[in-house]
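Reproduced below: model_37.csv, with CSV, C-alpha atoms.
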chain,number,residue,atom,x,y,z
N,11,MET,CA,10.8,118.6,-27.5
N,12,ARG,CA,10.8,120.9,-24.5
N,13,GLU,CA,10.6,124.6,-25.1
N,14,ILE,CA,13.3,127.0,-23.8
N,15,ALA,CA,11.9,130.0,-22.0
N,16,ASP,CA,12.8,133.4,-23.4
N,17,THR,CA,13.5,134.8,-19.9
N,18,ASN,CA,14.7,133.1,-16.8
N,19,ILE,CA,12.8,132.7,-13.6
N,20,LEU,CA,15.3,134.8,-11.6
N,21,LYS,CA,15.1,137.8,-13.9
N,22,THR,CA,11.3,137.8,-14.0
N,23,PHE,CA,11.1,137.5,-10.2
N,24,CYS,CA,13.7,140.1,-9.6
N,25,GLU,CA,12.3,142.7,-12.0
N,26,HIS,CA,8.8,142.3,-10.7
N,27,PHE,CA,9.9,142.6,-7.0
N,28,CYS,CA,12.2,145.6,-7.7
N,29,SER,CA,9.5,147.4,-9.7
N,30,ILE,CA,7.4,147.5,-6.5
N,31,VAL,CA,10.2,148.4,-4.2
N,32,ASP,CA,11.2,151.2,-6.5
N,33,LYS,CA,8.0,153.1,-5.8
N,34,TYR,CA,8.8,153.4,-2.1
N,35,CYS,CA,12.6,153.7,-1.7
N,36,LYS,CA,16.0,153.4,-3.3
N,37,TYR,CA,17.4,149.9,-3.4
N,38,ILE,CA,20.3,147.9,-4.7
N,39,ILE,CA,20.8,144.3,-5.7
N,40,VAL,CA,24.1,143.0,-4.4
N,41,SER,CA,26.4,140.0,-4.3
N,42,GLY,CA,25.6,136.7,-6.0
N,43,TYR,CA,22.9,137.8,-8.4
N,44,VAL,CA,25.2,140.5,-9.9
N,45,ALA,CA,27.5,137.7,-11.0
N,46,ILE,CA,24.7,135.3,-12.0
N,47,ALA,CA,22.9,138.0,-14.1
N,48,SER,CA,26.4,138.6,-15.7
N,49,GLY,CA,26.4,135.0,-16.8
N,50,ARG,CA,28.0,133.1,-13.9
N,51,SER,CA,26.8,129.5,-14.0
N,52,ARG,CA,26.0,128.5,-10.5
N,53,GLY,CA,23.1,127.7,-8.3
N,54,THR,CA,21.4,130.1,-5.9
N,55,GLU,CA,18.2,130.2,-3.8
N,56,ASP,CA,17.9,134.0,-3.3
N,57,ILE,CA,18.7,137.5,-4.4
N,58,ASP,CA,20.1,140.0,-1.9
N,59,MET,CA,18.7,143.5,-1.7
N,60,ILE,CA,19.7,146.5,0.4
N,61,ILE,CA,17.2,149.2,0.8
N,62,GLU,CA,17.6,152.7,2.2
N,63,HIS,CA,16.3,153.2,5.7
N,64,ILE,CA,12.6,154.1,5.5
N,65,PRO,CA,9.9,155.0,8.1
N,66,LEU,CA,7.6,152.3,9.4
N,67,GLU,CA,4.6,153.8,7.5
N,68,THR,CA,6.4,153.6,4.1
N,69,PHE,CA,7.5,150.1,4.9
N,70,ARG,CA,3.9,149.1,5.7
N,71,LYS,CA,2.7,150.4,2.3
N,72,LEU,CA,5.6,148.6,0.6
N,73,HIS,CA,4.8,145.3,2.4
N,74,GLU,CA,1.1,145.6,1.7
N,75,GLU,CA,1.7,146.1,-2.0
N,76,LEU,CA,4.1,143.1,-2.1
N,77,LEU,CA,1.4,140.9,-0.6
N,78,LYS,CA,-1.2,142.3,-3.0
N,79,GLU,CA,1.2,141.3,-5.9
N,80,ASN,CA,1.2,137.7,-4.6
N,81,PHE,CA,4.5,137.8,-2.7
N,82,ILE,CA,4.6,136.1,0.7
N,83,CYS,CA,6.9,137.1,3.5
N,84,VAL,CA,8.7,134.0,5.0
N,85,GLN,CA,8.6,135.6,8.4
N,86,ASP,CA,4.8,135.5,8.6
N,87,LEU,CA,4.4,138.6,10.7
N,88,GLU,CA,2.6,142.0,10.7
N,89,ALA,CA,4.5,144.9,9.0
N,90,GLU,CA,5.3,146.5,12.3
N,91,GLU,CA,6.9,143.4,13.7
N,92,LEU,CA,8.9,142.8,10.6
N,93,TYR,CA,10.1,146.4,10.8
N,94,LYS,CA,10.9,146.6,14.5
N,95,ASP,CA,12.0,143.0,15.2
N,96,TYR,CA,13.9,142.4,12.0
N,97,LEU,CA,14.8,145.3,9.8
N,98,GLU,CA,15.6,147.7,12.6
N,99,GLU,CA,17.6,144.9,14.3
N,100,LYS,CA,19.7,144.6,11.2
N,101,THR,CA,18.2,141.2,10.4
N,102,SER,CA,16.9,140.5,6.9
N,103,ILE,CA,13.4,139.5,5.9
N,104,ARG,CA,12.6,137.2,2.9
N,105,TYR,CA,9.8,137.1,0.3
N,106,HIS,CA,8.9,134.6,-2.4
N,107,LYS,CA,6.0,134.3,-4.8
N,108,LYS,CA,2.9,132.6,-3.4
N,109,GLU,CA,2.9,129.8,-6.0
N,110,GLN,CA,6.6,129.1,-5.8
N,111,TYR,CA,8.9,128.6,-2.8
N,112,LEU,CA,11.9,129.7,-4.7
N,113,PRO,CA,13.6,132.0,-5.5
N,114,GLU,CA,13.5,134.3,-2.5
N,115,MET,CA,14.3,138.0,-2.1
N,116,GLU,CA,16.3,138.8,1.0
N,117,ILE,CA,16.0,142.4,2.1
N,118,LYS,CA,17.8,144.4,4.7
N,119,PHE,CA,18.2,148.1,5.6
N,120,ALA,CA,21.4,149.9,4.7
N,121,LYS,CA,23.2,149.9,8.0
N,122,ASN,CA,26.4,151.8,7.6
N,123,PRO,CA,28.0,154.6,5.4
N,124,LEU,CA,29.3,152.0,3.1
N,125,ASP,CA,25.8,150.6,2.4
N,126,ASN,CA,24.6,154.2,1.8
N,127,TYR,CA,27.5,154.8,-0.6
N,128,GLN,CA,26.6,151.6,-2.5
N,129,ILE,CA,23.0,152.9,-2.9
N,130,LYS,CA,24.3,156.4,-3.9
N,131,THR,CA,26.5,154.9,-6.6
N,132,ARG,CA,24.0,152.3,-7.8
N,133,GLN,CA,23.9,151.6,-11.5
N,134,LYS,CA,22.0,149.7,-14.2
N,135,ILE,CA,24.2,147.1,-15.9
N,136,PRO,CA,23.1,146.8,-19.6
N,137,PHE,CA,25.0,143.5,-20.2
N,138,THR,CA,22.8,141.7,-17.7
N,139,GLN,CA,19.6,142.7,-19.6
N,140,VAL,CA,18.0,142.8,-16.1
N,141,ASP,CA,16.3,146.2,-15.6
N,142,VAL,CA,17.0,146.8,-11.9
N,143,TRP,CA,19.5,148.8,-9.9
N,144,PHE,CA,22.7,147.0,-9.0
N,145,SER,CA,25.6,148.0,-6.8
N,146,SER,CA,28.5,148.7,-9.0
N,147,ILE,CA,30.7,145.9,-10.5
N,148,GLU,CA,33.7,147.4,-8.7
N,149,MET,CA,31.8,147.3,-5.4
N,150,ASN,CA,30.8,143.7,-5.8
N,151,ILE,CA,34.3,142.6,-6.7
N,152,ALA,CA,35.8,144.5,-3.7
N,153,PHE,CA,33.2,143.0,-1.3
N,154,LYS,CA,33.7,139.5,-2.6
N,155,GLU,CA,37.5,139.7,-2.5
N,156,GLU,CA,38.0,141.7,0.7
N,157,TYR,CA,35.1,140.9,2.9
N,158,LEU,CA,33.0,137.8,2.0
N,159,LYS,CA,36.0,135.7,0.7
N,160,SER,CA,34.3,132.3,0.5
N,161,GLU,CA,35.2,130.0,-2.4
N,162,LYS,CA,31.9,130.9,-4.1
N,163,ASP,CA,32.5,134.6,-3.7
N,164,LEU,CA,36.0,134.6,-5.0
N,165,GLU,CA,34.8,132.6,-8.0
N,166,ASP,CA,32.1,135.2,-8.5
N,167,ALA,CA,34.7,138.0,-8.4
N,168,LYS,CA,36.9,136.1,-10.9
N,169,HIS,CA,33.9,135.8,-13.2
N,170,LEU,CA,33.0,139.5,-12.9
N,171,ARG,CA,36.7,140.5,-13.6
N,172,LEU,CA,36.7,138.4,-16.8
N,173,ILE,CA,33.4,139.6,-18.1
N,174,TYR,CA,33.9,143.3,-17.3
N,175,LYS,CA,37.7,143.3,-17.9
N,176,ASP,CA,37.7,146.4,-20.1
N,177,GLN,CA,35.4,148.4,-17.9
N,178,ILE,CA,36.7,147.8,-14.4
N,179,ASP,CA,38.4,150.7,-12.5
N,180,GLU,CA,41.1,149.0,-10.4
N,181,GLU,CA,41.7,152.2,-8.4
N,182,LYS,CA,38.0,152.3,-7.5
N,183,ILE,CA,38.2,148.7,-6.3
N,184,SER,CA,41.3,149.5,-4.1
N,185,GLY,CA,39.5,152.6,-2.6
N,186,ILE,CA,36.4,150.5,-1.8
N,187,LYS,CA,38.5,147.8,-0.1
N,188,LEU,CA,40.0,150.6,2.1
N,189,LEU,CA,36.4,151.6,3.0
N,190,ILE,CA,35.4,148.0,3.7
N,191,ARG,CA,38.4,147.6,6.1
N,192,LYS,CA,37.3,150.8,7.8
N,193,TRP,CA,33.5,150.1,8.1
N,194,LYS,CA,33.2,146.3,8.1
N,195,LEU,CA,36.4,144.8,9.5
N,196,ASN,CA,37.0,147.1,12.4
D,26,MET,CA,43.2,131.9,6.5
D,27,GLU,CA,43.4,132.7,2.8
D,28,THR,CA,40.9,130.8,0.6
D,29,LYS,CA,42.6,129.1,-2.3
D,30,LEU,CA,40.6,128.5,-5.4
D,31,ASP,CA,40.7,125.0,-7.0
D,32,PRO,CA,42.6,125.4,-10.3
D,33,SER,CA,40.2,123.2,-12.2
D,34,ARG,CA,37.3,125.4,-11.1
D,35,LEU,CA,39.2,128.5,-12.1
D,36,GLU,CA,39.8,127.0,-15.5
D,37,GLN,CA,36.0,126.3,-15.8
D,38,ILE,CA,35.2,129.9,-14.9
D,39,GLU,CA,37.7,131.1,-17.5
D,40,ARG,CA,36.4,128.7,-20.2
D,41,TRP,CA,32.8,129.8,-19.6
D,42,ALA,CA,33.6,133.5,-19.5
D,43,LYS,CA,35.4,133.0,-22.9
D,44,TYR,CA,32.4,131.2,-24.2
D,45,ILE,CA,30.1,134.1,-23.2
D,46,LYS,CA,32.4,136.6,-25.0
D,47,ASP,CA,32.8,134.4,-28.1
D,48,ASN,CA,29.1,133.4,-28.3
D,49,PRO,CA,27.0,136.4,-27.5
D,50,GLU,CA,24.0,134.9,-29.4
D,51,THR,CA,23.9,131.5,-27.7
D,52,TRP,CA,25.2,131.7,-24.2
D,53,ARG,CA,22.2,133.3,-22.7
D,54,GLU,CA,19.8,130.6,-23.8
D,55,GLN,CA,22.0,127.9,-22.2
D,56,HIS,CA,22.3,130.0,-19.0
D,57,THR,CA,18.5,130.5,-18.9
D,58,ARG,CA,17.9,126.8,-19.2
D,59,PHE,CA,20.5,126.1,-16.5
D,60,LEU,CA,18.9,128.6,-14.1
D,61,ASN,CA,15.3,127.6,-14.8
D,62,ASP,CA,15.9,123.9,-14.4
D,63,GLN,CA,17.3,124.4,-10.9
D,64,PHE,CA,14.2,126.3,-9.8
D,65,GLU,CA,11.8,124.0,-11.5
D,66,MET,CA,13.4,121.0,-9.9
D,67,ALA,CA,13.6,122.6,-6.4
D,68,ASN,CA,10.1,123.9,-6.5
D,69,ALA,CA,8.7,120.5,-7.7
D,70,ALA,CA,10.5,118.8,-4.8
D,71,LEU,CA,9.1,121.4,-2.3
D,72,LYS,CA,5.6,120.9,-3.7
D,73,ARG,CA,6.0,117.1,-3.2
D,74,ILE,CA,7.1,117.7,0.4
D,75,GLU,CA,4.2,120.1,0.9
D,76,ALA,CA,1.8,117.3,-0.1
D,77,MET,CA,3.2,114.9,2.4
D,78,PRO,CA,1.7,114.6,5.9
D,79,GLY,CA,3.3,117.4,8.0
D,80,GLY,CA,4.9,118.7,4.8
D,81,LYS,CA,4.1,122.3,5.4
D,82,GLU,CA,5.7,122.2,8.8
D,83,LYS,CA,8.8,120.5,7.3
D,84,ILE,CA,9.1,123.3,4.8
D,85,ALA,CA,8.6,125.9,7.5
D,86,LYS,CA,11.5,124.3,9.4
D,87,LEU,CA,13.7,124.3,6.3
D,88,LYS,CA,13.0,128.0,6.0
D,89,THR,CA,13.9,128.6,9.6
D,90,ILE,CA,17.3,126.8,9.1
D,91,LYS,CA,17.9,129.0,6.1
D,92,SER,CA,17.1,132.2,8.0
D,93,SER,CA,19.1,131.4,11.1
D,94,ARG,CA,22.3,130.6,9.3
D,95,ARG,CA,22.6,134.1,8.0

For this file, write the structure as structure tokens.
Amino acid sequence: MREIADTNILKTFCEHFCSIVDKYCKYIIVSGYVAIASGRSRGTEDIDMIIEHIPLETFRKLHEELLKENFICVQDLEAEELYKDYLEEKTSIRYHKKEQYLPEMEIKFAKNPLDNYQIKTRQKIPFTQVDVWFSSIEMNIAFKEEYLKSEKDLEDAKHLRLIYKDQIDEEKISGIKLLIRKWKLN
Amino acid sequence: METKLDPSRLEQIERWAKYIKDNPETWREQHTRFLNDQFEMANAALKRIEAMPGGKEKIAKLKTIKSSRR
């Protein structure tokens, strides 16, 4: 009979990656993985991460440590190119483990006050049992309902609302939706 | 245009969320198996592609498609 792993592949990958990033900057895990780590049963290929804006030299050290820890950057470029041509241009970069193509971590810089606010209000979510920093549940619901709005995102939001029913602050969600309209939709 | 959710999918989400709440001891194991199976299958398929002639180039193209659609 086949054995069932104690931990899932996404959790192991995410915690390892985040433990390295954590040494160099503040980060948050956003969007789909917040729902999946909260029990949502759907497929994914990647985890989305926003990091605070860091200088090139700090990024170089972070990138080097990721490579040393057996991560590969999909955009097979030098740190300086990744920094200037991708991150600074508001384009994400992606990493996966050397021995496995999937999952991937997609990283981008915080690019507006709303992203910085998400980082400032980041939290650990004990229910997930994943020891990383997430953007808040309210933030994820607001983004999925107000900005992303695909079928998948609305289903993720519905799942989060059901799982965290007794903890969700509706006023906070409304306030974040106002900020999204100001910073993302104008 | 407003996205409307399929009622049967909504029911499935509600059913699974209820299962999570009602079965705190068992849901995680099922969820882990569900997630791990996806990655194991996808990675096995990618390894098979990699072993084919021109496989590495094919995978690189797949990755480019993925990056450019974002």

Find the nearest atom pair between each residue of chain N and chain D for residues within 7 Å, count only C-alpha atoms, give distances in Å to one decimal, sort rows by chain and ascending number, and present the table as JSON lines.
{"residue": "N:Ile14", "atom": "CA", "partner": "D:Arg58", "partner_atom": "CA", "distance": 6.5}
{"residue": "N:Thr17", "atom": "CA", "partner": "D:Thr57", "partner_atom": "CA", "distance": 6.7}
{"residue": "N:Asn18", "atom": "CA", "partner": "D:Thr57", "partner_atom": "CA", "distance": 5.1}
{"residue": "N:Ile19", "atom": "CA", "partner": "D:Asn61", "partner_atom": "CA", "distance": 5.8}
{"residue": "N:Gly49", "atom": "CA", "partner": "D:His56", "partner_atom": "CA", "distance": 6.8}
{"residue": "N:Ser51", "atom": "CA", "partner": "D:His56", "partner_atom": "CA", "distance": 6.7}
{"residue": "N:Gln110", "atom": "CA", "partner": "D:Asn68", "partner_atom": "CA", "distance": 6.3}
{"residue": "N:Tyr111", "atom": "CA", "partner": "D:Asn68", "partner_atom": "CA", "distance": 6.1}
{"residue": "N:Leu112", "atom": "CA", "partner": "D:Asn68", "partner_atom": "CA", "distance": 6.3}
{"residue": "N:Lys159", "atom": "CA", "partner": "D:Thr28", "partner_atom": "CA", "distance": 6.9}
{"residue": "N:Ser160", "atom": "CA", "partner": "D:Thr28", "partner_atom": "CA", "distance": 6.8}
{"residue": "N:Glu161", "atom": "CA", "partner": "D:Leu30", "partner_atom": "CA", "distance": 6.4}
{"residue": "N:His169", "atom": "CA", "partner": "D:Ile38", "partner_atom": "CA", "distance": 6.3}
{"residue": "N:Leu172", "atom": "CA", "partner": "D:Ala42", "partner_atom": "CA", "distance": 6.4}
{"residue": "N:Ile173", "atom": "CA", "partner": "D:Ala42", "partner_atom": "CA", "distance": 6.3}

For stretch 139-155 of chain N, find every residue with an atom within 8 Å (counting only C-alpha atoms), except residues of its own chain fewer than 5 positions away, and show them as a PyMOL selection string.
chain N and resi 21+24-25+28-29+37-41+44+47+128-129+131-134+160+163-164+166-167+170-171+174+178-180+182-184+186-187+190

Skipping near chain neighbours, those fewer than 5 positions away, what residues fall within 8 Å of D:Ile74 using only C-alpha atoms, listed as an MDAnalysis selection string?
chainID D and resid 80:81 83:84

Take the residues that were just selected and, keeping C-alpha atoms, output them as a CSV table (one decimal), keeping the file's coordinate frame.
chain,number,residue,atom,x,y,z
D,80,GLY,CA,4.9,118.7,4.8
D,81,LYS,CA,4.1,122.3,5.4
D,83,LYS,CA,8.8,120.5,7.3
D,84,ILE,CA,9.1,123.3,4.8

Quick one: distance from atom CA of N:Arg104 to atom CA of N:Cys83 in Å, one decimal?
5.7 Å

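With distances taken over all atoms listed in the file, N:His63 is the one residue among N:Lys192, N:His73, N:His63, N:Arg50 lying closest to N:Glu98.
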
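For the atom pair formed by atom CA of N:Pro113 and atom CA of D:Glu75, the distance is 16.5 Å, given to one decimal.
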
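Put simply, atom CA of N:Met115 is 6.1 Å away from atom CA of N:Asp58.
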
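Candidate residues N:His26, N:Arg70, N:Arg191, N:Arg52 were compared for distance to N:Lys107, and the nearest is N:His26, using only C-alpha atoms.
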
From the set N:Thr101, N:Phe81, N:Tyr93, N:Lys121, which residue has the shortest atom-to-atom contact distance to N:Thr68, counting only C-alpha atoms?
N:Tyr93

Excluding N:Glu88 and any residue of its chain fewer than 4 positions from it, enumerate the residues within 12 Å of it, using only C-alpha atoms, and give them as a CSV table (one decimal) with C-alpha atoms, in the coordinates of the input.
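What landed in selection_18.csv:
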chain,number,residue,atom,x,y,z
N,66,LEU,CA,7.6,152.3,9.4
N,69,PHE,CA,7.5,150.1,4.9
N,70,ARG,CA,3.9,149.1,5.7
N,71,LYS,CA,2.7,150.4,2.3
N,73,HIS,CA,4.8,145.3,2.4
N,74,GLU,CA,1.1,145.6,1.7
N,77,LEU,CA,1.4,140.9,-0.6
N,82,ILE,CA,4.6,136.1,0.7
N,83,CYS,CA,6.9,137.1,3.5
N,84,VAL,CA,8.7,134.0,5.0
N,92,LEU,CA,8.9,142.8,10.6
N,93,TYR,CA,10.1,146.4,10.8
N,94,LYS,CA,10.9,146.6,14.5
N,95,ASP,CA,12.0,143.0,15.2
N,96,TYR,CA,13.9,142.4,12.0
